[in-house]
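Below is final.tsv, holding TSV, C-alpha atoms.
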```
chain	number	residue	atom	x	y	z
A	285	MET	CA	0.00	0.00	0.00
A	286	LYS	CA	1.39	3.35	-1.02
A	287	LEU	CA	0.19	4.93	2.25
A	288	PHE	CA	2.43	2.63	4.25
A	289	GLU	CA	5.40	2.84	1.89
A	290	ASP	CA	5.22	6.63	2.12
A	291	ALA	CA	4.94	6.59	5.92
A	292	ILE	CA	8.03	4.36	6.11
A	293	ARG	CA	10.03	6.21	3.45
A	294	ASN	CA	9.37	9.64	4.95
A	295	ASN	CA	9.83	8.93	8.64
A	296	CYS	CA	11.76	5.77	9.35
A	297	LYS	CA	15.38	5.29	10.18
A	298	VAL	CA	17.34	2.20	9.18
A	299	LEU	CA	19.74	1.45	12.01
A	300	PRO	CA	22.85	-0.71	11.89
A	301	GLY	CA	22.13	-4.40	12.49
A	302	ASP	CA	19.24	-4.59	10.01
A	303	VAL	CA	16.89	-2.69	12.33
A	304	LEU	CA	14.04	-0.61	10.93
A	305	LYS	CA	12.63	1.75	13.50
A	306	ILE	CA	8.92	2.47	13.00
A	307	ASP	CA	8.19	4.24	16.25
A	308	HIS	CA	6.04	6.97	14.76
A	309	PHE	CA	3.10	4.86	13.63
A	310	LEU	CA	3.59	1.20	14.57
A	311	ASN	CA	5.83	0.36	17.52
A	312	HIS	CA	5.46	3.15	20.06
A	313	GLN	CA	3.17	5.86	18.73
A	314	LEU	CA	0.26	4.30	16.85
A	315	ASP	CA	-1.29	6.17	13.93
A	316	VAL	CA	-4.76	4.71	14.32
A	317	ASN	CA	-6.12	6.29	11.14
A	318	LEU	CA	-3.31	4.79	9.08
A	319	LEU	CA	-3.53	1.41	10.81
A	320	SER	CA	-7.30	1.38	10.38
A	321	ALA	CA	-6.81	1.98	6.64
A	322	GLY	CA	-4.49	-1.02	6.73
A	323	GLY	CA	-7.10	-3.04	8.59
A	324	GLU	CA	-9.67	-2.13	5.95
A	325	GLU	CA	-7.28	-3.37	3.26
A	326	PHE	CA	-6.91	-6.69	5.13
A	327	SER	CA	-10.71	-6.95	5.29
A	328	ARG	CA	-10.76	-6.59	1.50
A	329	LEU	CA	-7.91	-9.07	0.92
A	330	PHE	CA	-9.51	-11.72	3.16
A	331	ALA	CA	-13.14	-10.77	2.51
A	332	ASP	CA	-14.42	-14.19	1.45
A	333	LYS	CA	-12.67	-16.30	4.07
A	334	GLY	CA	-15.28	-16.31	6.82
A	335	VAL	CA	-12.86	-14.80	9.35
A	336	ASN	CA	-14.36	-14.89	12.85
A	337	LYS	CA	-11.23	-14.29	14.96
A	338	ILE	CA	-8.07	-12.23	14.70
A	339	LEU	CA	-5.04	-13.73	16.44
A	340	THR	CA	-1.92	-11.76	17.33
A	341	VAL	CA	0.81	-11.68	19.97
A	342	GLU	CA	1.49	-9.02	22.61
A	343	SER	CA	2.39	-6.23	22.63
A	344	SER	CA	3.17	-4.70	19.29
A	345	GLY	CA	0.58	-6.66	17.31
A	346	ILE	CA	-2.38	-5.62	19.45
A	347	GLY	CA	-2.99	-2.18	17.93
A	348	VAL	CA	-3.10	-3.26	14.30
A	349	ALA	CA	-5.07	-6.39	15.25
A	350	CYS	CA	-7.79	-4.28	16.92
A	351	LEU	CA	-7.88	-1.84	14.02
A	352	THR	CA	-8.28	-4.78	11.63
A	353	ALA	CA	-10.91	-6.55	13.74
A	354	ILE	CA	-13.25	-3.54	13.69
A	355	HIS	CA	-13.53	-4.02	9.92
A	356	PHE	CA	-14.40	-7.71	10.32
A	357	GLY	CA	-16.60	-7.15	13.39
A	358	CYS	CA	-14.91	-10.07	15.15
A	359	PRO	CA	-12.88	-10.36	18.37
A	360	VAL	CA	-9.12	-10.25	18.75
A	361	LEU	CA	-7.24	-12.86	20.74
A	362	TYR	CA	-3.68	-12.03	21.73
A	363	ALA	CA	-1.18	-14.68	22.72
A	364	LYS	CA	0.60	-13.86	25.94
A	365	LYS	CA	4.17	-14.35	26.98
A	366	VAL	CA	3.26	-14.59	30.67
A	367	PHE	CA	-0.02	-15.72	32.15
A	368	GLY	CA	-1.00	-14.43	35.58
A	369	LYS	CA	-0.30	-16.63	38.56
A	370	ASN	CA	-4.01	-16.66	39.21
A	371	SER	CA	-4.76	-18.28	35.89
A	372	ASP	CA	-6.26	-21.72	36.24
A	373	ASP	CA	-7.03	-22.01	32.55
A	374	ALA	CA	-6.08	-24.80	30.22
A	375	LEU	CA	-3.56	-23.26	27.82
A	376	TYR	CA	-2.11	-24.00	24.42
A	377	THR	CA	1.58	-23.11	24.49
A	378	VAL	CA	4.27	-23.08	21.79
A	379	LYS	CA	7.87	-21.94	21.56
A	380	CYS	CA	8.68	-18.78	19.63
A	381	PHE	CA	12.17	-17.68	18.67
A	382	SER	CA	12.84	-13.95	18.68
A	383	TYR	CA	15.34	-13.07	16.00
A	384	THR	CA	15.72	-9.53	17.37
A	385	LYS	CA	16.37	-10.63	20.94
A	386	GLY	CA	18.15	-13.89	20.15
A	387	ILE	CA	16.07	-15.87	22.66
A	388	GLU	CA	13.33	-18.46	22.63
A	389	TYR	CA	10.22	-17.89	24.73
A	390	ASP	CA	6.79	-19.42	25.22
A	391	ILE	CA	3.56	-17.87	23.97
A	392	SER	CA	0.17	-19.14	25.09
A	393	VAL	CA	-3.54	-18.74	24.56
A	394	SER	CA	-6.36	-19.97	26.73
A	395	ALA	CA	-8.03	-23.05	25.27
A	396	LYS	CA	-11.35	-21.38	26.03
A	397	TYR	CA	-10.88	-18.79	23.28
A	398	LEU	CA	-9.45	-20.81	20.39
A	399	GLY	CA	-11.02	-23.95	18.95
A	400	PRO	CA	-12.30	-25.88	15.93
A	401	ASP	CA	-15.06	-23.35	15.17
A	402	ASP	CA	-12.55	-20.55	14.65
A	403	ARG	CA	-11.52	-19.27	11.23
A	404	VAL	CA	-8.46	-17.26	12.15
A	405	LEU	CA	-6.72	-14.37	10.44
A	406	ILE	CA	-3.28	-13.93	12.03
A	407	ILE	CA	-2.18	-10.29	12.21
A	408	ASP	CA	1.21	-8.95	13.26
A	409	ASP	CA	3.25	-5.79	12.92
A	410	PHE	CA	6.48	-7.17	11.47
A	411	LEU	CA	7.34	-10.19	9.35
A	412	ALA	CA	11.03	-10.98	9.03
A	413	GLY	CA	12.18	-14.55	9.67
A	414	GLY	CA	8.58	-15.69	10.08
A	415	ASN	CA	9.03	-17.19	13.55
A	416	ALA	CA	6.11	-15.34	15.15
A	417	LEU	CA	3.73	-16.31	12.31
A	418	LYS	CA	4.84	-19.96	12.51
A	419	ALA	CA	4.31	-19.97	16.28
A	420	LEU	CA	0.82	-18.47	15.93
A	421	ILE	CA	-0.03	-21.03	13.22
A	422	ALA	CA	1.20	-23.78	15.56
A	423	LEU	CA	-1.12	-22.45	18.31
A	424	CYS	CA	-4.06	-22.68	15.89
A	425	ASP	CA	-3.04	-26.22	14.91
A	426	LYS	CA	-2.99	-27.26	18.57
A	427	ALA	CA	-6.44	-25.75	19.06
A	428	GLY	CA	-7.88	-27.32	15.91
A	429	ALA	CA	-8.65	-23.85	14.53
A	430	THR	CA	-8.42	-23.03	10.82
A	431	VAL	CA	-5.86	-20.43	9.73
A	432	VAL	CA	-7.32	-18.61	6.73
A	433	GLY	CA	-4.31	-16.37	6.23
A	434	CYS	CA	-1.81	-13.94	7.69
A	435	GLY	CA	-1.55	-10.17	7.41
A	436	THR	CA	1.43	-8.11	8.46
A	437	VAL	CA	2.14	-4.40	8.24
A	438	VAL	CA	5.78	-4.57	7.23
A	439	GLU	CA	7.50	-7.54	5.60
A	440	LYS	CA	11.25	-7.67	5.22
A	441	ALA	CA	10.89	-9.74	2.08
A	442	TYR	CA	14.62	-10.28	1.73
A	443	GLN	CA	14.68	-12.31	4.97
A	444	GLY	CA	12.46	-14.97	3.40
A	445	GLY	CA	10.08	-15.57	6.32
A	446	GLY	CA	6.99	-14.54	4.35
A	447	ASP	CA	7.80	-16.82	1.45
A	448	ALA	CA	8.51	-19.69	3.85
A	449	VAL	CA	4.99	-19.32	5.30
A	450	ARG	CA	3.52	-18.98	1.77
A	451	ALA	CA	5.32	-22.21	0.87
A	452	MET	CA	3.44	-23.88	3.74
A	453	GLY	CA	0.27	-23.06	1.77
A	454	TYR	CA	-0.94	-19.94	3.57
A	455	GLN	CA	-2.02	-16.65	2.01
A	456	VAL	CA	0.29	-14.00	3.48
A	457	GLU	CA	-0.38	-10.32	2.74
A	458	SER	CA	1.84	-7.44	3.80
A	459	LEU	CA	1.01	-3.75	3.53
A	460	ALA	CA	4.61	-2.78	2.78
A	461	LYS	CA	7.22	-5.22	1.46
A	462	ILE	CA	10.82	-4.19	1.78
A	463	ALA	CA	13.15	-5.51	-0.92
A	464	SER	CA	16.32	-4.18	0.69
A	465	MET	CA	17.46	-1.63	3.23
A	466	SER	CA	20.62	-0.24	4.78
A	467	PRO	CA	21.65	2.89	6.69
A	468	GLU	CA	23.60	4.04	3.61
A	469	GLU	CA	21.22	3.17	0.74
A	470	GLY	CA	17.91	3.66	2.52
A	471	ILE	CA	14.83	1.52	1.83
A	472	SER	CA	13.56	0.04	-1.42
A	473	PHE	CA	10.19	-1.67	-1.71
A	474	CYS	CA	9.20	-4.75	-3.73
B	65	MET	CA	-22.19	1.86	31.20
B	66	LYS	CA	-24.74	-0.91	31.37
B	67	LEU	CA	-23.06	-2.73	28.44
B	68	PHE	CA	-19.90	-3.15	30.47
B	69	GLU	CA	-21.62	-3.98	33.74
B	70	ASP	CA	-23.58	-6.70	31.94
B	71	ALA	CA	-20.46	-8.07	30.24
B	72	ILE	CA	-18.73	-8.28	33.62
B	73	ARG	CA	-21.73	-9.62	35.54
B	74	ASN	CA	-22.48	-12.32	33.00
B	75	ASN	CA	-19.02	-13.60	32.21
B	76	CYS	CA	-16.44	-12.71	34.83
B	77	LYS	CA	-15.08	-14.73	37.67
B	78	VAL	CA	-13.97	-13.21	40.95
B	79	LEU	CA	-10.95	-15.18	42.14
B	80	PRO	CA	-9.50	-15.31	45.63
B	81	GLY	CA	-7.04	-12.50	46.35
B	82	ASP	CA	-9.28	-9.73	45.01
B	83	VAL	CA	-8.69	-10.72	41.38
B	84	LEU	CA	-11.32	-10.06	38.72
B	85	LYS	CA	-10.70	-12.03	35.59
B	86	ILE	CA	-11.92	-10.28	32.43
B	87	ASP	CA	-10.31	-12.48	29.85
B	88	HIS	CA	-13.29	-12.63	27.53
B	89	PHE	CA	-13.37	-9.00	26.42
B	90	LEU	CA	-10.48	-7.04	27.97
B	91	ASN	CA	-7.34	-8.90	29.01
B	92	HIS	CA	-6.87	-11.76	26.56
B	93	GLN	CA	-9.71	-11.87	24.08
B	94	LEU	CA	-10.71	-8.34	23.07
B	95	ASP	CA	-14.32	-7.63	22.15
B	96	VAL	CA	-13.57	-4.81	19.75
B	97	ASN	CA	-17.21	-3.86	19.22
B	98	LEU	CA	-17.77	-3.49	22.96
B	99	LEU	CA	-14.48	-1.66	23.50
B	100	SER	CA	-15.22	0.64	20.58
B	101	ALA	CA	-18.58	1.50	22.20
B	102	GLY	CA	-16.58	2.32	25.32
B	103	GLY	CA	-14.21	4.46	23.28
B	104	GLU	CA	-17.17	6.33	21.82
B	105	GLU	CA	-18.42	7.00	25.36
B	106	PHE	CA	-14.99	8.40	26.29
B	107	SER	CA	-15.12	10.64	23.22
B	108	ARG	CA	-18.46	11.99	24.51
B	109	LEU	CA	-17.23	12.42	28.10
B	110	PHE	CA	-14.08	14.28	27.00
B	111	ALA	CA	-15.55	15.91	23.89
B	112	ASP	CA	-14.67	19.51	24.67
B	113	LYS	CA	-11.14	18.95	25.97
B	114	GLY	CA	-9.14	19.30	22.74
B	115	VAL	CA	-7.64	15.82	23.12
B	116	ASN	CA	-4.88	15.27	20.55
B	117	LYS	CA	-3.14	12.23	22.05
B	118	ILE	CA	-4.15	9.08	23.90
B	119	LEU	CA	-1.54	7.74	26.33
B	120	THR	CA	-1.59	4.21	27.73
B	121	VAL	CA	0.85	1.55	28.91
B	122	GLU	CA	1.61	-1.82	27.33
B	123	SER	CA	0.15	-4.36	26.92
B	124	SER	CA	-3.36	-4.51	28.24
B	125	GLY	CA	-4.17	-0.83	27.69
B	126	ILE	CA	-3.32	-0.82	23.98
B	127	GLY	CA	-6.56	-2.32	22.65
B	128	VAL	CA	-8.94	0.02	24.43
B	129	ALA	CA	-6.64	2.97	23.74
B	130	CYS	CA	-6.75	2.29	19.97
B	131	LEU	CA	-10.50	1.78	20.01
B	132	THR	CA	-10.87	5.09	21.83
B	133	ALA	CA	-8.43	6.97	19.59
B	134	ILE	CA	-10.41	6.14	16.44
B	135	HIS	CA	-13.27	8.21	17.88
B	136	PHE	CA	-10.97	11.17	18.53
B	137	GLY	CA	-8.99	10.73	15.28
B	138	CYS	CA	-5.74	11.16	17.20
B	139	PRO	CA	-2.71	8.90	17.72
B	140	VAL	CA	-2.04	6.55	20.63
B	141	LEU	CA	1.26	6.56	22.47
B	142	TYR	CA	1.99	3.56	24.67
B	143	ALA	CA	4.57	3.68	27.44
B	144	LYS	CA	6.95	0.76	27.30
B	145	LYS	CA	8.48	-1.34	30.04
B	146	VAL	CA	11.54	-2.17	27.93
B	147	PHE	CA	13.01	-0.13	25.12
B	148	GLY	CA	15.02	-1.95	22.44
B	149	LYS	CA	18.77	-2.00	22.80
B	150	ASN	CA	18.92	-0.17	19.50
B	151	SER	CA	17.01	2.80	20.83
B	152	ASP	CA	19.05	5.96	20.87
B	153	ASP	CA	16.09	8.13	21.81
B	154	ALA	CA	15.85	10.57	24.66
B	155	LEU	CA	13.31	9.04	27.04
B	156	TYR	CA	11.08	10.18	29.87
B	157	THR	CA	11.05	7.45	32.51
B	158	VAL	CA	9.10	7.05	35.75
B	159	LYS	CA	8.67	4.30	38.33
B	160	CYS	CA	5.40	2.38	38.43
B	161	PHE	CA	4.40	0.04	41.23
B	162	SER	CA	2.39	-3.01	40.22
B	163	TYR	CA	-0.05	-3.94	42.96
B	164	THR	CA	-0.86	-7.26	41.26
B	165	LYS	CA	2.76	-8.33	40.85
B	166	GLY	CA	4.13	-6.63	43.97
B	167	ILE	CA	7.08	-5.10	42.12
B	168	GLU	CA	8.20	-1.68	40.95
B	169	TYR	CA	9.27	-1.23	37.35
B	170	ASP	CA	10.15	1.59	34.96
B	171	ILE	CA	7.91	2.80	32.17
B	172	SER	CA	9.16	5.14	29.46
B	173	VAL	CA	8.09	7.14	26.45
B	174	SER	CA	10.26	8.71	23.80
B	175	ALA	CA	10.61	12.47	24.27
B	176	LYS	CA	9.92	12.79	20.55
B	177	TYR	CA	6.26	11.81	20.94
B	178	LEU	CA	5.17	13.66	24.08
B	179	GLY	CA	5.58	17.39	24.67
B	180	PRO	CA	4.02	20.74	25.59
B	181	ASP	CA	1.68	20.76	22.56
B	182	ASP	CA	-0.04	17.58	23.67
B	183	ARG	CA	-3.43	17.50	25.34
B	184	VAL	CA	-3.49	13.96	26.64
B	185	LEU	CA	-6.29	11.62	27.55
B	186	ILE	CA	-4.87	8.73	29.58
B	187	ILE	CA	-6.63	5.43	28.91
B	188	ASP	CA	-6.15	2.14	30.73
B	189	ASP	CA	-7.96	-1.14	31.22
B	190	PHE	CA	-8.04	-1.36	35.04
B	191	LEU	CA	-8.00	1.21	37.81
B	192	ALA	CA	-7.41	-0.15	41.31
B	193	GLY	CA	-4.78	1.51	43.48
B	194	GLY	CA	-4.18	4.17	40.82
B	195	ASN	CA	-0.45	3.55	40.46
B	196	ALA	CA	-0.50	3.21	36.68
B	197	LEU	CA	-2.53	6.41	36.22
B	198	LYS	CA	-0.21	8.31	38.57
B	199	ALA	CA	2.83	7.06	36.67
B	200	LEU	CA	1.31	8.09	33.32
B	201	ILE	CA	0.43	11.52	34.73
B	202	ALA	CA	4.04	11.84	35.97
B	203	LEU	CA	5.29	11.05	32.43
B	204	CYS	CA	3.10	13.85	31.05
B	205	ASP	CA	4.39	16.23	33.75
B	206	LYS	CA	7.99	15.43	32.78
B	207	ALA	CA	7.18	16.07	29.12
B	208	GLY	CA	5.30	19.31	29.84
B	209	ALA	CA	2.14	17.82	28.30
B	210	THR	CA	-1.35	18.64	29.60
B	211	VAL	CA	-3.41	15.80	31.04
B	212	VAL	CA	-7.06	16.55	30.27
B	213	GLY	CA	-8.39	13.45	32.00
B	214	CYS	CA	-8.27	9.70	32.49
B	215	GLY	CA	-10.59	6.97	31.25
B	216	THR	CA	-10.55	3.38	32.44
B	217	VAL	CA	-12.71	0.43	31.57
B	218	VAL	CA	-13.06	-1.07	35.04
B	219	GLU	CA	-12.54	0.77	38.31
B	220	LYS	CA	-12.39	-1.08	41.59
B	221	ALA	CA	-13.84	1.92	43.38
B	222	TYR	CA	-13.41	0.38	46.82
B	223	GLN	CA	-9.62	0.46	46.43
B	224	GLY	CA	-9.66	4.26	46.30
B	225	GLY	CA	-7.18	4.80	43.48
B	226	GLY	CA	-9.71	6.58	41.28
B	227	ASP	CA	-10.75	8.98	44.02
B	228	ALA	CA	-7.09	9.65	44.86
B	229	VAL	CA	-6.49	10.76	41.25
B	230	ARG	CA	-9.73	12.79	41.27
B	231	ALA	CA	-8.48	14.49	44.46
B	232	MET	CA	-5.40	15.54	42.47
B	233	GLY	CA	-7.81	17.54	40.30
B	234	TYR	CA	-8.21	15.24	37.31
B	235	GLN	CA	-11.44	14.12	35.66
B	236	VAL	CA	-11.47	10.31	35.89
B	237	GLU	CA	-14.20	8.36	34.11
B	238	SER	CA	-14.71	4.60	34.33
B	239	LEU	CA	-17.08	2.54	32.22
B	240	ALA	CA	-17.84	0.14	35.08
B	241	LYS	CA	-17.26	0.98	38.74
B	242	ILE	CA	-17.19	-1.91	41.15
B	243	ALA	CA	-18.42	-1.14	44.67
B	244	SER	CA	-17.49	-4.54	46.09
B	245	MET	CA	-16.72	-8.05	44.96
B	246	SER	CA	-15.88	-11.46	46.38
B	247	PRO	CA	-15.94	-15.08	45.18
B	248	GLU	CA	-18.90	-15.74	47.52
B	249	GLU	CA	-21.02	-12.60	47.05
B	250	GLY	CA	-20.20	-11.82	43.43
B	251	ILE	CA	-19.92	-8.28	42.06
B	252	SER	CA	-21.89	-5.15	42.89
B	253	PHE	CA	-21.54	-1.92	40.96
B	254	CYS	CA	-21.60	1.68	42.20
```
Could you spell out this file's structure in structure tokens?
Amino acid sequence: MKLFEDAIRNNCKVLPGDVLKIDHFLNHQLDVNLLSAGGEEFSRLFADKGVNKILTVESSGIGVACLTAIHFGCPVLYAKKVFGKNSDDALYTVKCFSYTKGIEYDISVSAKYLGPDDRVLIIDDFLAGGNALKALIALCDKAGATVVGCGTVVEKAYQGGGDAVRAMGYQVESLAKIASMSPEEGISFC
Amino acid sequence: MKLFEDAIRNNCKVLPGDVLKIDHFLNHQLDVNLLSAGGEEFSRLFADKGVNKILTVESSGIGVACLTAIHFGCPVLYAKKVFGKNSDDALYTVKCFSYTKGIEYDISVSAKYLGPDDRVLIIDDFLAGGNALKALIALCDKAGATVVGCGTVVEKAYQGGGDAVRAMGYQVESLAKIASMSPEEGISFC
């Protein structure tokens, strides 16, 4: 989407270590009008899929997931990294590897909110190596839910994670796909 | 709001230790239609305040903050508990005490996104002892921003945090105010 490419081109800094900082609309300040336009685009791209739940992971996916869900009229479920001590729920839990942080951690959802009746659109802010998407797909598999596709705001296409998930048979749509980036050369889109 | 009182009365469990579990629309699964109705109510309650920014804290405030901000047409800024190692931003940082977890932690915002031009509505999911609201107000004070009020989804009125913030001179509005609750007696609203 040109809106997102422009927002990235005009305001984002590429930092050393392959880091793209999108603090002004996605990862710290949230431009809800822009993200809602993105959510509307997802609702068009996945219009005929019978989506009845949006699944994301805390924290940075929650904003765009909510602003997508309002266009589908369905609830959001966000996977948590830590469940409260008071939780007595049955959980589905999978491992997720964070490329940025270099660590593996667990993410979980309550079994009460994900099951065979759910037709799930997975939404996240960033798609790079694809580990978060694969973990969220694995949660749906455990729950017997159907993944109808994945939508992400920014895909670092050159890292291959999106194509790996597409090769698993899933429709993956990204609002801005980055072909290459560096502090010296800037950002080019696919 | 009756909508919220009904959603709590019909679906929430009071657990031992003064814990109210609102996983089905607020703290795990997010009912975006309900939360958007709450956001619309906040936009009515703070209509004449010139709000141009919504401030919340990750993670559980982000959903309701976004679904409030769409009614104001302004951005959300969420305070973070951890900033990425790659961040070179100037930050405003304050201490926040978590009553639930019994620990004190830092929350921060980038100085770039909060300043004297901002008229801030603080939004959060829960209001109990008031520590999160006070920390968010302190962040605005550091940044020279104006706090025009606070909106929370659920206020445990009997804990006094809301009235403490009101006594500081702020307008605090809650969509459901709990007068008392216990596993045996259930929930009663103010």
Can I get the residues of chain B within 10 Å of chain A, each with the closest pair of atoms and their distance in Å to one decimal, using only C-alpha atoms, sorted chain first then ascending number, as JSON lines?
```
{"residue": "B:Leu79", "atom": "CA", "partner": "A:Asn370", "partner_atom": "CA", "distance": 7.7}
{"residue": "B:Pro80", "atom": "CA", "partner": "A:Asn370", "partner_atom": "CA", "distance": 8.6}
{"residue": "B:Gly81", "atom": "CA", "partner": "A:Asn370", "partner_atom": "CA", "distance": 8.8}
{"residue": "B:Val83", "atom": "CA", "partner": "A:Asn370", "partner_atom": "CA", "distance": 7.9}
{"residue": "B:Leu84", "atom": "CA", "partner": "A:Asn370", "partner_atom": "CA", "distance": 9.9}
{"residue": "B:Lys85", "atom": "CA", "partner": "A:Ser371", "partner_atom": "CA", "distance": 8.6}
{"residue": "B:Asp87", "atom": "CA", "partner": "A:Ser394", "partner_atom": "CA", "distance": 9.0}
{"residue": "B:His88", "atom": "CA", "partner": "A:Tyr397", "partner_atom": "CA", "distance": 7.9}
{"residue": "B:Phe89", "atom": "CA", "partner": "A:Pro359", "partner_atom": "CA", "distance": 8.2}
{"residue": "B:Leu90", "atom": "CA", "partner": "A:Leu361", "partner_atom": "CA", "distance": 9.8}
{"residue": "B:Asn91", "atom": "CA", "partner": "A:Tyr362", "partner_atom": "CA", "distance": 8.7}
{"residue": "B:His92", "atom": "CA", "partner": "A:Tyr362", "partner_atom": "CA", "distance": 5.8}
{"residue": "B:Gln93", "atom": "CA", "partner": "A:Leu361", "partner_atom": "CA", "distance": 4.3}
{"residue": "B:Leu94", "atom": "CA", "partner": "A:Val360", "partner_atom": "CA", "distance": 5.0}
{"residue": "B:Asp95", "atom": "CA", "partner": "A:Pro359", "partner_atom": "CA", "distance": 4.9}
{"residue": "B:Val96", "atom": "CA", "partner": "A:Pro359", "partner_atom": "CA", "distance": 5.8}
{"residue": "B:Asn97", "atom": "CA", "partner": "A:Gly357", "partner_atom": "CA", "distance": 6.7}
{"residue": "B:Leu98", "atom": "CA", "partner": "A:Pro359", "partner_atom": "CA", "distance": 9.6}
{"residue": "B:Leu99", "atom": "CA", "partner": "A:Cys350", "partner_atom": "CA", "distance": 9.7}
{"residue": "B:Ser100", "atom": "CA", "partner": "A:Ile354", "partner_atom": "CA", "distance": 8.3}
{"residue": "B:Lys117", "atom": "CA", "partner": "A:Gln313", "partner_atom": "CA", "distance": 9.6}
{"residue": "B:Ile118", "atom": "CA", "partner": "A:Gln313", "partner_atom": "CA", "distance": 9.5}
{"residue": "B:Leu119", "atom": "CA", "partner": "A:Gln313", "partner_atom": "CA", "distance": 9.1}
{"residue": "B:Glu122", "atom": "CA", "partner": "A:Ser343", "partner_atom": "CA", "distance": 6.5}
{"residue": "B:Ser123", "atom": "CA", "partner": "A:Ser343", "partner_atom": "CA", "distance": 5.2}
{"residue": "B:Ser124", "atom": "CA", "partner": "A:Ser343", "partner_atom": "CA", "distance": 8.2}
{"residue": "B:Gly125", "atom": "CA", "partner": "A:Ile346", "partner_atom": "CA", "distance": 9.7}
{"residue": "B:Ile126", "atom": "CA", "partner": "A:Gly347", "partner_atom": "CA", "distance": 6.2}
{"residue": "B:Gly127", "atom": "CA", "partner": "A:Gly347", "partner_atom": "CA", "distance": 5.9}
{"residue": "B:Val128", "atom": "CA", "partner": "A:Cys350", "partner_atom": "CA", "distance": 8.7}
{"residue": "B:Ala129", "atom": "CA", "partner": "A:Gly347", "partner_atom": "CA", "distance": 8.6}
{"residue": "B:Cys130", "atom": "CA", "partner": "A:Gly347", "partner_atom": "CA", "distance": 6.2}
{"residue": "B:Leu131", "atom": "CA", "partner": "A:Cys350", "partner_atom": "CA", "distance": 7.3}
{"residue": "B:Thr132", "atom": "CA", "partner": "A:Val316", "partner_atom": "CA", "distance": 9.7}
{"residue": "B:Ala133", "atom": "CA", "partner": "A:Val316", "partner_atom": "CA", "distance": 6.8}
{"residue": "B:Ile134", "atom": "CA", "partner": "A:Val316", "partner_atom": "CA", "distance": 6.2}
{"residue": "B:His135", "atom": "CA", "partner": "A:Val316", "partner_atom": "CA", "distance": 9.9}
{"residue": "B:Phe136", "atom": "CA", "partner": "A:Val316", "partner_atom": "CA", "distance": 9.9}
{"residue": "B:Gly137", "atom": "CA", "partner": "A:Asn317", "partner_atom": "CA", "distance": 6.7}
{"residue": "B:Cys138", "atom": "CA", "partner": "A:Val316", "partner_atom": "CA", "distance": 7.1}
{"residue": "B:Pro139", "atom": "CA", "partner": "A:Asp315", "partner_atom": "CA", "distance": 4.9}
{"residue": "B:Val140", "atom": "CA", "partner": "A:Leu314", "partner_atom": "CA", "distance": 5.0}
{"residue": "B:Leu141", "atom": "CA", "partner": "A:Gln313", "partner_atom": "CA", "distance": 4.3}
{"residue": "B:Tyr142", "atom": "CA", "partner": "A:His312", "partner_atom": "CA", "distance": 5.8}
{"residue": "B:Ala143", "atom": "CA", "partner": "A:His312", "partner_atom": "CA", "distance": 7.5}
{"residue": "B:Lys144", "atom": "CA", "partner": "A:His312", "partner_atom": "CA", "distance": 7.8}
{"residue": "B:Phe147", "atom": "CA", "partner": "A:His312", "partner_atom": "CA", "distance": 9.7}
{"residue": "B:Gly148", "atom": "CA", "partner": "A:Lys385", "partner_atom": "CA", "distance": 8.9}
{"residue": "B:Lys149", "atom": "CA", "partner": "A:Lys385", "partner_atom": "CA", "distance": 9.1}
{"residue": "B:Asn150", "atom": "CA", "partner": "A:Leu299", "partner_atom": "CA", "distance": 7.7}
{"residue": "B:Ser151", "atom": "CA", "partner": "A:Lys305", "partner_atom": "CA", "distance": 8.6}
{"residue": "B:Asp152", "atom": "CA", "partner": "A:Leu299", "partner_atom": "CA", "distance": 10.0}
{"residue": "B:Thr164", "atom": "CA", "partner": "A:Gly368", "partner_atom": "CA", "distance": 9.1}
{"residue": "B:Lys165", "atom": "CA", "partner": "A:Gly368", "partner_atom": "CA", "distance": 8.9}
{"residue": "B:Val173", "atom": "CA", "partner": "A:His312", "partner_atom": "CA", "distance": 8.0}
{"residue": "B:Ser174", "atom": "CA", "partner": "A:His312", "partner_atom": "CA", "distance": 8.2}
{"residue": "B:Lys176", "atom": "CA", "partner": "A:His308", "partner_atom": "CA", "distance": 9.1}
{"residue": "B:Tyr177", "atom": "CA", "partner": "A:Gln313", "partner_atom": "CA", "distance": 7.1}
{"residue": "B:Leu178", "atom": "CA", "partner": "A:Gln313", "partner_atom": "CA", "distance": 9.7}
```
| message | Applying 10 Å and only C-alpha atoms, which residues near Val229 (chain B) remain after dropping the ones on its own chain fewer than 6 positions away? List them as a list in words. | response |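 Residues near the query, excluding close chain neighbours: Gly193, Gly194, Asn195, Leu197, Lys198, Ile201, Gly213, Cys214, Gln235 and Val236 of chain B.
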| field | Between CA of Gly225 (chain B) and CA of Asp112 (chain B) - distance in Å to one decimal | value |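 One can read the CA of Asp112 (chain B) to CA of Gly225 (chain B) distance as 25.0 Å.
Here the question is which of B:Ala175, B:Leu203, B:Ala196, B:Leu185 gets nearest to Ser162 (chain B) using all atoms listed in the file, and that residue is B:Ala196.
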| Out of B:Val211, B:Arg73, B:Val121, B:Lys159, which residue has the shortest atom-to-atom distance to Ile86 (chain B) when counting only C-alpha atoms? |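 Of all the options, B:Arg73 lies closest to Ile86 (chain B).
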